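model_19.csv (CSV, C-alpha atoms and all ligand atoms)
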chain,number,residue,atom,x,y,z
Y,5,MET,CA,0.0,0.0,0.0
Y,6,GLN,CA,1.1,3.5,-0.7
Y,7,ALA,CA,1.8,6.1,2.0
Y,8,ARG,CA,2.5,9.8,1.6
Y,9,LEU,CA,4.3,12.3,3.8
Y,10,LEU,CA,3.3,15.9,3.1
Y,11,LEU,CA,5.4,18.7,4.7
Y,12,GLN,CA,4.0,22.1,5.7
Y,13,ASP,CA,6.1,23.7,2.9
Y,14,GLY,CA,4.4,21.6,0.3
Y,15,THR,CA,7.1,19.0,-0.2
Y,16,LEU,CA,5.5,15.6,-0.9
Y,17,PHE,CA,7.2,12.2,-0.3
Y,18,THR,CA,5.5,9.1,-1.7
Y,19,GLY,CA,6.6,5.7,-0.3
Y,20,THR,CA,5.3,2.4,1.0
Y,21,ALA,CA,3.0,2.1,4.0
Y,22,PHE,CA,3.7,0.1,7.0
Y,23,GLY,CA,2.1,0.1,10.5
Y,24,ALA,CA,-1.4,1.4,10.8
Y,25,GLU,CA,-3.6,2.8,8.1
Y,26,GLY,CA,-4.8,6.3,8.5
Y,27,GLU,CA,-3.6,9.9,9.0
Y,28,LYS,CA,-1.6,11.7,11.6
Y,29,THR,CA,-0.3,15.2,11.9
Y,30,GLY,CA,2.8,16.0,13.9
Y,31,GLU,CA,6.0,18.0,14.0
Y,32,VAL,CA,8.5,16.2,11.8
Y,33,VAL,CA,11.9,15.6,13.4
Y,34,PHE,CA,15.0,13.4,12.7
Y,35,ASN,CA,17.0,11.1,15.0
Y,36,THR,CA,20.5,10.1,14.0
Y,37,GLY,CA,20.8,7.0,16.2
Y,38,ILE,CA,22.1,3.9,14.5
Y,39,THR,CA,20.4,1.7,17.1
Y,40,GLY,CA,17.7,2.5,19.6
Y,41,TYR,CA,14.5,2.8,17.4
Y,42,GLN,CA,12.5,0.9,20.2
Y,43,GLU,CA,13.6,3.5,22.8
Y,44,VAL,CA,12.8,6.3,20.3
Y,45,LEU,CA,9.3,5.0,19.6
Y,46,SER,CA,8.5,4.5,23.3
Y,47,ASP,CA,10.1,7.8,24.6
Y,48,PRO,CA,7.2,10.0,25.8
Y,49,SER,CA,9.2,13.1,24.8
Y,50,TYR,CA,8.3,12.3,21.2
Y,51,CYS,CA,4.6,12.7,21.8
Y,52,GLY,CA,3.1,14.9,19.0
Y,53,GLN,CA,6.0,14.3,16.7
Y,54,ILE,CA,6.6,12.3,13.4
Y,55,VAL,CA,10.1,10.8,13.7
Y,56,THR,CA,12.4,10.0,10.8
Y,57,MET,CA,15.5,7.8,11.5
Y,58,THR,CA,18.5,8.9,9.4
Y,59,TYR,CA,20.0,5.3,9.8
Y,60,PRO,CA,18.7,3.6,6.7
Y,61,LEU,CA,17.7,0.1,8.0
Y,62,ILE,CA,15.2,0.0,10.9
Y,63,GLY,CA,13.5,-3.0,12.5
Y,64,ASN,CA,16.3,-5.5,11.9
Y,65,TYR,CA,16.5,-6.5,15.6
Y,66,GLY,CA,12.7,-6.4,16.1
Y,67,ILE,CA,10.7,-5.3,19.2
Y,68,THR,CA,11.4,-6.5,22.7
Y,69,ARG,CA,9.0,-5.0,25.3
Y,70,ASP,CA,11.7,-5.0,28.0
Y,71,ASP,CA,13.6,-2.3,26.1
Y,72,PHE,CA,10.7,0.2,26.1
Y,73,GLU,CA,11.1,3.6,27.8
Y,74,SER,CA,7.4,3.7,28.7
Y,75,VAL,CA,4.3,1.5,28.5
Y,76,ARG,CA,3.5,2.4,24.9
Y,77,PRO,CA,4.8,4.3,21.9
Y,78,PHE,CA,3.9,7.9,21.7
Y,79,VAL,CA,5.2,9.1,18.3
Y,80,HIS,CA,2.5,10.3,15.8
Y,81,GLY,CA,4.2,8.7,12.8
Y,82,PHE,CA,7.4,6.8,11.8
Y,83,VAL,CA,9.4,7.5,8.7
Y,84,VAL,CA,12.3,5.2,7.5
Y,85,ARG,CA,14.3,4.4,4.4
Y,86,ARG,CA,14.0,0.6,4.7
Y,87,HIS,CA,11.9,-1.3,7.1
Y,88,GLU,CA,12.7,-4.9,8.0
Y,89,THR,CA,9.8,-7.2,8.3
Y,90,VAL,CA,11.8,-10.3,9.4
Y,91,PRO,CA,13.7,-9.4,12.6
Y,92,SER,CA,16.8,-11.4,13.4
Y,93,ASN,CA,17.3,-11.4,17.2
Y,94,TRP,CA,16.5,-14.1,19.8
Y,95,ARG,CA,15.0,-11.4,22.1
Y,96,SER,CA,12.6,-10.1,19.5
Y,97,GLU,CA,8.9,-10.6,20.2
Y,98,TYR,CA,7.4,-9.0,17.0
Y,99,SER,CA,8.2,-6.5,14.3
Y,100,VAL,CA,8.0,-2.7,14.2
Y,101,ASP,CA,5.2,-3.1,11.7
Y,102,ASP,CA,3.1,-5.1,14.3
Y,103,LEU,CA,3.9,-2.5,17.0
Y,104,LEU,CA,2.8,0.4,14.9
Y,105,LYS,CA,-0.4,-1.4,13.9
Y,106,GLU,CA,-1.2,-2.2,17.5
Y,107,TYR,CA,-1.0,1.4,18.6
Y,108,ASP,CA,-2.6,3.0,15.5
Y,109,ILE,CA,0.6,4.7,14.3
Y,110,PRO,CA,1.1,5.1,10.5
Y,111,GLY,CA,4.6,4.5,9.1
Y,112,ILE,CA,6.2,5.2,5.7
Y,113,SER,CA,9.2,3.5,4.2
Y,114,GLU,CA,11.1,3.6,0.9
Y,115,ILE,CA,11.5,7.4,0.9
Y,116,ASP,CA,14.6,9.5,0.7
Y,117,THR,CA,15.1,10.1,4.4
Y,118,ARG,CA,18.4,11.9,3.7
Y,119,MET,CA,16.6,14.5,1.6
Y,120,LEU,CA,13.9,14.9,4.3
Y,121,THR,CA,16.6,15.4,7.0
Y,122,ARG,CA,18.4,18.0,4.8
Y,123,ILE,CA,15.1,19.9,4.4
Y,124,ILE,CA,14.5,19.9,8.2
Y,125,ARG,CA,18.1,21.0,8.8
Y,126,HIS,CA,17.8,23.8,6.2
Y,127,TYR,CA,14.3,25.1,7.0
Y,128,GLY,CA,13.9,23.9,10.5
Y,129,THR,CA,11.4,21.5,12.1
Y,130,MET,CA,7.9,21.9,10.6
Y,131,LYS,CA,4.4,20.3,10.7
Y,132,ALA,CA,3.7,17.3,8.4
Y,133,ILE,CA,0.9,14.9,7.7
Y,134,LEU,CA,1.5,11.2,7.2
Y,135,THR,CA,-1.3,9.4,5.4
Y,136,THR,CA,-2.2,6.1,3.7
Y,137,SER,CA,-5.4,7.7,2.2
Y,138,ASN,CA,-5.9,8.9,-1.4
Y,139,LYS,CA,-7.0,12.4,-0.3
Y,140,ARG,CA,-5.9,15.3,-2.6
Y,141,VAL,CA,-2.8,17.3,-1.5
Y,142,GLU,CA,-5.0,20.4,-1.2
Y,143,GLU,CA,-7.3,18.6,1.2
Y,144,LEU,CA,-4.3,17.3,3.2
Y,145,MET,CA,-2.8,20.8,3.4
Y,146,GLU,CA,-6.1,22.1,4.8
Y,147,MET,CA,-6.3,19.3,7.4
Y,148,MET,CA,-2.7,20.0,8.5
Y,149,GLY,CA,-3.6,23.7,8.7
Y,150,ASP,CA,-6.6,22.8,10.9
Y,151,THR,CA,-4.4,21.0,13.4
Y,152,THR,CA,-3.8,23.8,15.7
Y,153,ILE,CA,-0.4,24.0,17.4
Y,154,GLU,CA,-2.4,23.5,20.6
Y,155,GLU,CA,-3.2,19.9,19.6
Y,156,LEU,CA,0.5,19.3,19.2
Y,157,ARG,CA,1.3,21.0,22.5
Y,158,ASN,CA,0.3,20.3,26.1
Y,159,GLN,CA,1.4,16.7,25.7
Y,160,VAL,CA,2.8,16.4,29.3
Y,161,ALA,CA,-0.6,15.6,30.8
Y,162,ARG,CA,-1.1,12.9,28.2
Y,163,THR,CA,2.2,11.1,29.0
Y,164,SER,CA,2.5,11.6,32.7
Y,165,THR,CA,1.2,9.1,35.3
Y,166,ALA,CA,-2.3,9.9,36.5
Y,167,THR,CA,-1.7,8.7,40.0
Y,168,SER,CA,1.4,8.3,42.3
Y,169,TYR,CA,3.1,5.0,42.6
Y,170,SER,CA,6.2,3.8,44.4
Y,171,SER,CA,9.2,1.7,43.4
Y,172,PRO,CA,10.5,0.8,46.9
Y,173,GLY,CA,14.2,0.7,47.9
Y,174,SER,CA,16.1,0.9,51.1
Y,175,LYS,CA,18.1,4.1,50.5
Y,176,GLU,CA,17.4,7.7,49.6
Y,177,ARG,CA,13.7,8.6,49.2
Y,178,ILE,CA,13.5,10.3,45.7
Y,179,VAL,CA,10.3,11.9,44.4
Y,180,LEU,CA,10.4,11.5,40.7
Y,181,VAL,CA,8.1,14.1,39.0
Y,182,ASP,CA,6.8,12.4,35.9
Y,183,TYR,CA,6.4,14.9,33.0
Y,184,GLY,CA,6.5,12.0,30.6
Y,185,ALA,CA,9.4,10.2,32.2
Y,186,LYS,CA,11.5,7.6,30.5
Y,187,THR,CA,11.7,4.2,32.4
Y,188,GLY,CA,15.5,4.5,32.2
Y,189,ILE,CA,15.4,7.2,35.0
Y,190,LEU,CA,13.6,4.9,37.3
Y,191,ARG,CA,15.9,2.0,36.4
Y,192,GLU,CA,19.0,4.1,37.3
Y,193,LEU,CA,17.5,5.2,40.6
Y,194,ASN,CA,16.4,1.7,41.5
Y,195,SER,CA,19.8,0.2,40.6
Y,196,ARG,CA,21.3,2.5,43.3
Y,197,GLY,CA,18.8,1.3,45.9
Y,198,CYS,CA,16.7,4.5,46.0
Y,199,ASP,CA,13.2,4.4,47.4
Y,200,VAL,CA,11.3,6.1,44.5
Y,201,VAL,CA,7.9,7.7,44.6
Y,202,VAL,CA,6.7,8.7,41.1
Y,203,VAL,CA,4.2,11.5,41.2
Y,204,PRO,CA,2.1,13.2,38.4
Y,205,HIS,CA,3.2,16.3,36.5
Y,206,ASP,CA,0.8,18.6,38.4
Y,207,VAL,CA,1.8,17.6,41.9
Y,208,SER,CA,1.8,20.5,44.3
Y,209,ALA,CA,4.7,21.6,46.5
Y,210,ASP,CA,2.8,20.5,49.6
Y,211,GLU,CA,2.1,17.1,48.2
Y,212,VAL,CA,5.8,16.7,47.6
Y,213,ARG,CA,6.7,17.9,51.1
Y,214,ARG,CA,4.3,15.3,52.6
Y,215,LEU,CA,6.3,12.5,51.0
Y,216,ASN,CA,9.3,13.8,52.9
Y,217,PRO,CA,11.8,13.2,50.1
Y,218,ASP,CA,15.6,13.3,50.4
Y,219,GLY,CA,15.7,14.6,46.8
Y,220,ILE,CA,13.6,15.5,43.8
Y,221,LEU,CA,14.2,14.4,40.3
Y,222,LEU,CA,12.4,16.4,37.5
Y,223,SER,CA,12.0,14.1,34.5
Y,224,ASN,CA,12.1,14.6,30.7
Y,225,GLY,CA,8.9,15.1,28.8
Y,226,PRO,CA,7.3,16.3,25.6
Y,227,GLY,CA,6.6,19.8,24.2
Y,228,ASP,CA,7.5,23.4,25.1
Y,229,PRO,CA,8.5,23.9,28.7
Y,230,LYS,CA,6.7,27.2,28.7
Y,231,ASP,CA,3.4,25.3,28.4
Y,232,VAL,CA,3.9,23.7,31.8
Y,233,THR,CA,3.6,26.9,33.9
Y,234,TYR,CA,2.2,25.1,37.0
Y,235,ALA,CA,5.3,22.9,37.1
Y,236,VAL,CA,7.6,26.0,37.0
Y,237,LYS,CA,5.7,27.4,40.0
Y,238,THR,CA,5.9,24.2,42.0
Y,239,ILE,CA,9.7,23.9,41.3
Y,240,SER,CA,10.3,27.5,42.4
Y,241,GLU,CA,8.5,26.7,45.7
Y,242,LEU,CA,10.6,23.6,46.4
Y,243,LEU,CA,13.9,25.2,45.4
Y,244,GLY,CA,16.3,25.3,48.3
Y,245,GLU,CA,14.3,23.0,50.4
Y,246,TYR,CA,15.4,19.8,48.8
Y,247,PRO,CA,18.2,18.7,46.5
Y,248,ILE,CA,16.9,18.8,42.9
Y,249,PHE,CA,18.2,17.1,39.7
Y,250,GLY,CA,16.5,18.0,36.4
Y,251,ILE,CA,16.8,16.0,33.2
Y,252,CYS,CA,15.9,17.5,29.7
Y,253,LEU,CA,12.4,19.0,30.1
Y,254,GLY,CA,13.1,18.9,33.9
Y,255,HIS,CA,16.3,20.9,33.2
Y,256,GLN,CA,14.3,23.5,31.1
Y,257,LEU,CA,11.6,23.8,33.8
Y,258,PHE,CA,14.3,24.2,36.5
Y,259,ALA,CA,15.9,27.0,34.4
Y,260,LEU,CA,12.5,28.7,34.0
Y,261,ALA,CA,11.8,28.4,37.8
Y,262,CYS,CA,15.2,30.1,38.5
Y,263,GLY,CA,14.3,33.0,36.2
Y,264,ALA,CA,16.1,32.0,33.0
Y,265,ASP,CA,14.5,31.7,29.6
Y,266,THR,CA,14.0,29.0,27.0
Y,267,GLU,CA,13.7,29.1,23.2
Y,268,LYS,CA,13.2,26.8,20.3
Y,269,LEU,CA,16.1,25.4,18.4
Y,270,LYS,CA,16.0,25.3,14.6
Y,271,PHE,CA,15.9,21.5,14.3
Y,272,GLY,CA,16.9,20.2,17.8
Y,273,HIS,CA,19.3,17.5,18.9
Y,274,ARG,CA,18.1,13.9,18.6
Y,275,GLY,CA,20.6,11.1,18.5
Y,276,GLY,CA,23.1,9.1,20.5
Y,277,ASN,CA,26.4,10.9,19.8
Y,278,HIS,CA,26.1,14.5,20.8
Y,279,PRO,CA,29.4,15.9,22.3
Y,280,VAL,CA,29.0,17.8,25.5
Y,281,LYS,CA,31.8,19.7,27.3
Y,282,GLU,CA,31.9,19.8,31.1
Y,283,LEU,CA,33.3,23.3,31.7
Y,284,ALA,CA,34.9,22.5,35.1
Y,285,SER,CA,37.0,19.6,33.9
Y,286,GLY,CA,37.2,20.4,30.2
Y,287,ARG,CA,36.2,16.8,29.5
Y,288,CYS,CA,34.0,15.9,26.6
Y,289,PHE,CA,31.2,13.4,27.1
Y,290,ILE,CA,29.3,11.7,24.3
Y,291,THR,CA,25.6,12.0,25.1
Y,292,SER,CA,22.2,10.8,24.1
Y,293,GLN,CA,19.8,13.6,23.3
Y,294,ASN,CA,16.2,14.3,22.3
Y,295,HIS,CA,15.1,17.9,22.6
Y,296,GLY,CA,13.8,20.8,20.4
Y,297,TYR,CA,14.0,23.6,23.0
Y,298,THR,CA,17.0,24.9,24.9
Y,299,VAL,CA,17.9,27.3,27.7
Y,300,ASN,CA,18.9,30.7,26.4
Y,301,GLU,CA,22.5,31.4,27.4
Y,302,GLU,CA,22.2,35.2,28.0
Y,303,SER,CA,19.2,34.8,30.2
Y,304,VAL,CA,21.2,32.7,32.7
Y,305,GLU,CA,23.4,35.7,33.5
Y,306,SER,CA,20.8,37.5,35.5
Y,307,THR,CA,20.0,34.4,37.6
Y,308,ASP,CA,21.6,32.4,40.4
Y,309,LEU,CA,22.4,29.7,37.9
Y,310,GLU,CA,25.8,28.8,36.5
Y,311,ILE,CA,26.4,27.1,33.1
Y,312,THR,CA,28.2,23.8,33.8
Y,313,HIS,CA,28.0,22.1,30.3
Y,314,ILE,CA,27.9,23.3,26.7
Y,315,ASN,CA,27.2,21.5,23.4
Y,316,ASN,CA,30.5,21.1,21.4
Y,317,ASN,CA,28.6,21.4,18.1
Y,318,ASP,CA,26.5,24.5,18.5
Y,319,LYS,CA,27.7,25.8,21.9
Y,320,THR,CA,24.1,25.7,23.4
Y,321,VAL,CA,23.6,25.3,27.1
Y,322,GLU,CA,23.7,21.6,28.2
Y,323,GLY,CA,24.0,21.8,32.0
Y,324,LEU,CA,23.2,24.2,34.9
Y,325,LYS,CA,23.8,24.4,38.6
Y,326,HIS,CA,22.4,26.7,41.3
Y,327,THR,CA,25.0,28.8,43.0
Y,328,ARG,CA,23.3,28.8,46.4
Y,329,TYR,CA,21.1,25.8,46.5
Y,330,PRO,CA,21.8,22.1,46.0
Y,331,ALA,CA,20.3,21.8,42.5
Y,332,PHE,CA,21.6,21.0,39.1
Y,333,SER,CA,20.3,19.9,35.7
Y,334,VAL,CA,21.3,18.6,32.3
Y,335,GLN,CA,19.8,18.9,28.9
Y,336,TYR,CA,20.8,15.4,27.8
Y,337,HIS,CA,20.0,11.9,29.0
Y,338,PRO,CA,22.3,10.4,31.6
Y,339,GLU,CA,20.0,7.3,31.7
Y,340,ALA,CA,20.6,6.7,28.0
Y,341,ALA,CA,19.7,3.3,26.6
Y,342,PRO,CA,21.1,1.8,24.3
Y,343,GLY,CA,23.9,4.3,25.3
Y,344,PRO,CA,26.3,6.0,25.5
Y,345,HIS,CA,26.7,5.6,29.2
Y,346,ASP,CA,29.3,8.3,29.8
Y,347,SER,CA,27.0,10.4,31.9
Y,348,GLY,CA,25.6,7.8,34.3
Y,349,TYR,CA,27.8,9.2,37.0
Y,350,LEU,CA,25.4,12.2,37.3
Y,351,PHE,CA,23.0,10.0,39.3
Y,352,ASP,CA,25.8,9.3,41.7
Y,353,ARG,CA,26.5,13.0,41.9
Y,354,PHE,CA,22.9,13.6,42.7
Y,355,LEU,CA,23.0,11.1,45.6
Y,356,GLN,CA,26.3,12.6,46.8
Y,357,MET,CA,24.6,16.0,46.8
Y,358,ILE,CA,21.8,14.6,48.9
Y,359,ALA,CA,24.3,13.1,51.4
Y,360,ASP,CA,26.1,16.5,51.6
Y,361,HIS,CA,22.9,18.3,52.0
Y,362,LYS,CA,21.9,16.0,54.9
Y,363,ALA,CA,25.2,16.4,56.5
Y,364,ASN,CA,25.1,20.2,56.3
Y,365,THR,CA,21.5,20.6,57.4
Y,366,PRO,CA,21.5,21.3,61.1
Y,367,VAL,CA,19.4,18.7,63.0
Y,368,ILE,CA,17.2,21.3,64.6
Y,369,SER,CA,16.2,22.7,61.2
Y,370,ARG,CA,15.5,19.2,59.9
Y,371,GLN,CA,13.2,18.6,62.9
Y,372,ALA,CA,11.5,21.9,62.2
Y,373,GLN,CA,11.0,20.8,58.7
Y,374,LEU,CA,9.5,17.5,59.8
Y,375,ALA,CA,7.2,19.4,62.2
Y,376,ALA,CA,6.2,21.6,59.3
Y,377,ASN,CA,5.5,18.5,57.2
Y,378,ALA,CA,3.4,17.1,60.1
Y,379,ARG,CA,1.4,20.3,60.1
Y,380,ILE,CA,0.8,20.0,56.4
Y,381,THR,CA,-0.2,16.4,56.7
Y,382,ALA,CA,-2.7,17.0,59.5
Y,383,PRO,CA,-6.2,16.8,58.1
Y,384,LYS,CA,-7.9,20.1,57.5
Y,385,PRO,CA,-11.0,20.7,59.6
Y,386,THR,CA,-14.1,20.3,57.5
Y,387,ALA,CA,-16.6,23.1,57.0
Y,388,GLN,CA,-19.0,21.1,59.2
Y,389,LEU,CA,-16.6,20.8,62.0
Y,390,GLU,CA,-15.9,24.6,61.8
Y,391,ALA,CA,-19.6,25.3,61.9
Y,392,VAL,CA,-20.0,23.1,65.0
Y,393,LYS,CA,-17.1,24.8,66.7
Y,394,GLY,CA,-18.6,28.2,65.8
Y,395,ALA,CA,-21.9,27.2,67.4
Y,396,LEU,CA,-20.3,26.2,70.7
Y,401,LIG,N1,13.5,14.8,26.1
Y,401,LIG,C1,12.9,15.9,26.6
Y,401,LIG,O1,12.7,16.0,27.8
Y,401,LIG,C2,12.6,17.0,25.7
Y,401,LIG,C3,12.3,18.3,26.3
Y,401,LIG,C4,11.4,19.2,25.4
Y,401,LIG,N2,10.2,18.6,25.1
Y,401,LIG,C5,12.2,19.6,24.2
Y,401,LIG,O2,11.9,19.1,23.1
Y,401,LIG,O3,13.1,20.4,24.2
Before we go any further, please render this structure as structure tokens.
Ligand SMILES: NC(=O)CC[C@H](N)C(=O)O
Amino acid sequence: MQARLLLQDGTLFTGTAFGAEGEKTGEVVFNTGITGYQEVLSDPSYCGQIVTMTYPLIGNYGITRDDFESVRPFVHGFVVRRHETVPSNWRSEYSVDDLLKEYDIPGISEIDTRMLTRIIRHYGTMKAILTTSNKRVEELMEMMGDTTIEELRNQVARTSTATSYSSPGSKERIVLVDYGAKTGILRELNSRGCDVVVVPHDVSADEVRRLNPDGILLSNGPGDPKDVTYAVKTISELLGEYPIFGICLGHQLFALACGADTEKLKFGHRGGNHPVKELASGRCFITSQNHGYTVNEESVESTDLEITHINNNDKTVEGLKHTRYPAFSVQYHPEAAPGPHDSGYLFDRFLQMIADHKANTPVISRQAQLAANARITAPKPTAQLEAVKGAL
């Protein structure tokens, strides 16, 4: 069956359909990873996007559920040069084609993904529609135009957990705020023995305090950080009270909460080999990335933040730390799977920061904090009780 990919600028690609039949609009972006298509498909940060892989052969090692970064794929469409229908891997459970069909995601293969990537690099990311229908181009253009940017935004609520859950451990209590978190973050915390409570994106500062965490981890997630205003407010309320570590969207929200600004990149960073320089050591780390927005460098100057890492390719901000409070963040993914694993040490740094914070927090103030928490936890008197009290 034929499939077509129509870009907002009118460029039309005609190829072969795979995955689900139908039509999906999204922002078209490219990922340069040679492996990792399962993690890309199931990374909630891609919600609302049509992803093209620059590596030309996709699907050759099949699909293994254990490798997923969340419970289901979130991409709106998948674009590849060649798609393998007969995976060759003992762990494979089924093919990419089966996965896309199961989750109603259309795919297109046999198109010039190199040309598509060059268009995105030249003109920037843009909207696109992927279809298996025979609709006329004019009609498709109209449909794409009707998809408001709002439909492609505000994806955090769609990808976050609706209720809190815990992943118990015997060490530090970490509250992981799920803005569309990758499973890899939980895996890294659990492997270090952390007692993790995963909470929804719209958790309030008081709800976090009630959990009495040793530290807070702000996860990755889809969309524009400026759409998640309530999270910025919550983070600014918790800043200084608990050690904080932000990853990707969590990094951007942390920056906004500290008064810095974010902006959209022309075509973003998505792949497994982005070089990042740690300014303190001068060392270069190879990192896994997936983001379209970035923290504006100049805006950091007027805040209490310090830039700790920069991207070696385009010099954009890749890491921040607070100069007064125990809090830091990175734009890339230290929990990368399938890799590179250069930055896994950042989880150890976070736990060390928690240990230092505990050691430096006078016992009396910790007790005061616990007392404050107890006050917050105490049930509020109901209106009825107030009325009875008033009558007495
Ligand atoms: N992986 C992420 O957390 C992505 C952050 C944000 N949605 C961006 O595109 O910049």
Let me have all residues with an atom within 10 Å of ligand LIG 401 (chain Y), counting all atoms listed in the file, laid out as a CSV table (one decimal) with C-alpha atoms, keeping the file's coordinate frame.
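After the write, pocket_24.csv holds the following:
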chain,number,residue,atom,x,y,z
Y,47,ASP,CA,10.1,7.8,24.6
Y,48,PRO,CA,7.2,10.0,25.8
Y,49,SER,CA,9.2,13.1,24.8
Y,50,TYR,CA,8.3,12.3,21.2
Y,51,CYS,CA,4.6,12.7,21.8
Y,53,GLN,CA,6.0,14.3,16.7
Y,157,ARG,CA,1.3,21.0,22.5
Y,159,GLN,CA,1.4,16.7,25.7
Y,160,VAL,CA,2.8,16.4,29.3
Y,183,TYR,CA,6.4,14.9,33.0
Y,184,GLY,CA,6.5,12.0,30.6
Y,185,ALA,CA,9.4,10.2,32.2
Y,186,LYS,CA,11.5,7.6,30.5
Y,222,LEU,CA,12.4,16.4,37.5
Y,223,SER,CA,12.0,14.1,34.5
Y,224,ASN,CA,12.1,14.6,30.7
Y,225,GLY,CA,8.9,15.1,28.8
Y,226,PRO,CA,7.3,16.3,25.6
Y,227,GLY,CA,6.6,19.8,24.2
Y,228,ASP,CA,7.5,23.4,25.1
Y,229,PRO,CA,8.5,23.9,28.7
Y,230,LYS,CA,6.7,27.2,28.7
Y,250,GLY,CA,16.5,18.0,36.4
Y,251,ILE,CA,16.8,16.0,33.2
Y,252,CYS,CA,15.9,17.5,29.7
Y,253,LEU,CA,12.4,19.0,30.1
Y,254,GLY,CA,13.1,18.9,33.9
Y,255,HIS,CA,16.3,20.9,33.2
Y,256,GLN,CA,14.3,23.5,31.1
Y,257,LEU,CA,11.6,23.8,33.8
Y,266,THR,CA,14.0,29.0,27.0
Y,267,GLU,CA,13.7,29.1,23.2
Y,268,LYS,CA,13.2,26.8,20.3
Y,269,LEU,CA,16.1,25.4,18.4
Y,271,PHE,CA,15.9,21.5,14.3
Y,272,GLY,CA,16.9,20.2,17.8
Y,273,HIS,CA,19.3,17.5,18.9
Y,274,ARG,CA,18.1,13.9,18.6
Y,292,SER,CA,22.2,10.8,24.1
Y,293,GLN,CA,19.8,13.6,23.3
Y,294,ASN,CA,16.2,14.3,22.3
Y,295,HIS,CA,15.1,17.9,22.6
Y,296,GLY,CA,13.8,20.8,20.4
Y,297,TYR,CA,14.0,23.6,23.0
Y,298,THR,CA,17.0,24.9,24.9
Y,299,VAL,CA,17.9,27.3,27.7
Y,335,GLN,CA,19.8,18.9,28.9
Y,336,TYR,CA,20.8,15.4,27.8
Y,337,HIS,CA,20.0,11.9,29.0
Near region 78-87 of chain Y, counting only C-alpha atoms, which residues have an atom at most 8 Å away, once you skip same-chain residues fewer than 3 positions from it, shown as an NGL selection string? :Y and (28-30 or 45-48 or 50-64 or 109-117 or 134)
List the neighbours of Asn194 (chain Y) out to 12 Å using only C-alpha atoms; skip same-chain residues closer than 2 positions along the sequence, and give me the result as a JSON list (two decimals) with C-alpha atoms, keeping the file's coordinate frame.
[["chain", "number", "residue", "atom", "x", "y", "z"],
["Y", 170, "SER", "CA", 6.20, 3.80, 44.40],
["Y", 171, "SER", "CA", 9.20, 1.70, 43.40],
["Y", 172, "PRO", "CA", 10.50, 0.80, 46.90],
["Y", 173, "GLY", "CA", 14.20, 0.70, 47.90],
["Y", 174, "SER", "CA", 16.10, 0.90, 51.10],
["Y", 175, "LYS", "CA", 18.10, 4.10, 50.50],
["Y", 176, "GLU", "CA", 17.40, 7.70, 49.60],
["Y", 177, "ARG", "CA", 13.70, 8.60, 49.20],
["Y", 178, "ILE", "CA", 13.50, 10.30, 45.70],
["Y", 180, "LEU", "CA", 10.40, 11.50, 40.70],
["Y", 187, "THR", "CA", 11.70, 4.20, 32.40],
["Y", 188, "GLY", "CA", 15.50, 4.50, 32.20],
["Y", 189, "ILE", "CA", 15.40, 7.20, 35.00],
["Y", 190, "LEU", "CA", 13.60, 4.90, 37.30],
["Y", 191, "ARG", "CA", 15.90, 2.00, 36.40],
["Y", 192, "GLU", "CA", 19.00, 4.10, 37.30],
["Y", 196, "ARG", "CA", 21.30, 2.50, 43.30],
["Y", 197, "GLY", "CA", 18.80, 1.30, 45.90],
["Y", 198, "CYS", "CA", 16.70, 4.50, 46.00],
["Y", 199, "ASP", "CA", 13.20, 4.40, 47.40],
["Y", 200, "VAL", "CA", 11.30, 6.10, 44.50],
["Y", 201, "VAL", "CA", 7.90, 7.70, 44.60],
["Y", 202, "VAL", "CA", 6.70, 8.70, 41.10],
["Y", 339, "GLU", "CA", 20.00, 7.30, 31.70],
["Y", 351, "PHE", "CA", 23.00, 10.00, 39.30]]
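Taking CA of Gly149 (chain Y) and CA of Phe34 (chain Y) as endpoints, the distance between them is 21.6 Å.
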Please provide as a PyMOL selection string all residues within 10 Å of Leu350 (chain Y), with the sequence filter that same-chain residues fewer than 6 positions apart are discarded (counting all atoms listed in the file). chain Y and resi 249+332-334+337-339+356
Could those selected residues go to a file with C-alpha atoms, as an mmCIF file, in the frame of the given file?
data_model
loop_
_atom_site.group_PDB
_atom_site.id
_atom_site.type_symbol
_atom_site.label_atom_id
_atom_site.label_comp_id
_atom_site.auth_asym_id
_atom_site.auth_seq_id
_atom_site.Cartn_x
_atom_site.Cartn_y
_atom_site.Cartn_z
ATOM 1 C CA PHE Y 249 18.200 17.100 39.700
ATOM 2 C CA PHE Y 332 21.600 21.000 39.100
ATOM 3 C CA SER Y 333 20.300 19.900 35.700
ATOM 4 C CA VAL Y 334 21.300 18.600 32.300
ATOM 5 C CA HIS Y 337 20.000 11.900 29.000
ATOM 6 C CA PRO Y 338 22.300 10.400 31.600
ATOM 7 C CA GLU Y 339 20.000 7.300 31.700
ATOM 8 C CA GLN Y 356 26.300 12.600 46.800
#
If we count all atoms listed in the file and set the cut-off at 9 Å, which residues sit around Ile311 (chain Y), ignoring sequence neighbours fewer than 5 positions away in its own chain? Please answer as a ChimeraX atom specification. /Y:283,301,304,321-325
Could you jot down the CA of Thr238 (chain Y) to CA of Arg162 (chain Y) separation for me, Å, one decimal place? 19.2 Å
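Taking CA of Glu27 (chain Y) and CA of Glu142 (chain Y) as endpoints, the distance between them is 14.7 Å.
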Considering only C-alpha atoms, can you say which of Y:Ala24, Y:Met5, Y:Val100, Y:Ile38 comes closest to Gly66 (chain Y)?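 Residue with the minimum atom-to-atom distance to Gly66 (chain Y): Y:Val100.
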So, counting only C-alpha atoms, which residue among Y:Leu103, Y:Val232, Y:Val90, Y:Ile123 is closest to Thr15 (chain Y)?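 Of all the options, Y:Ile123 lies closest to Thr15 (chain Y).
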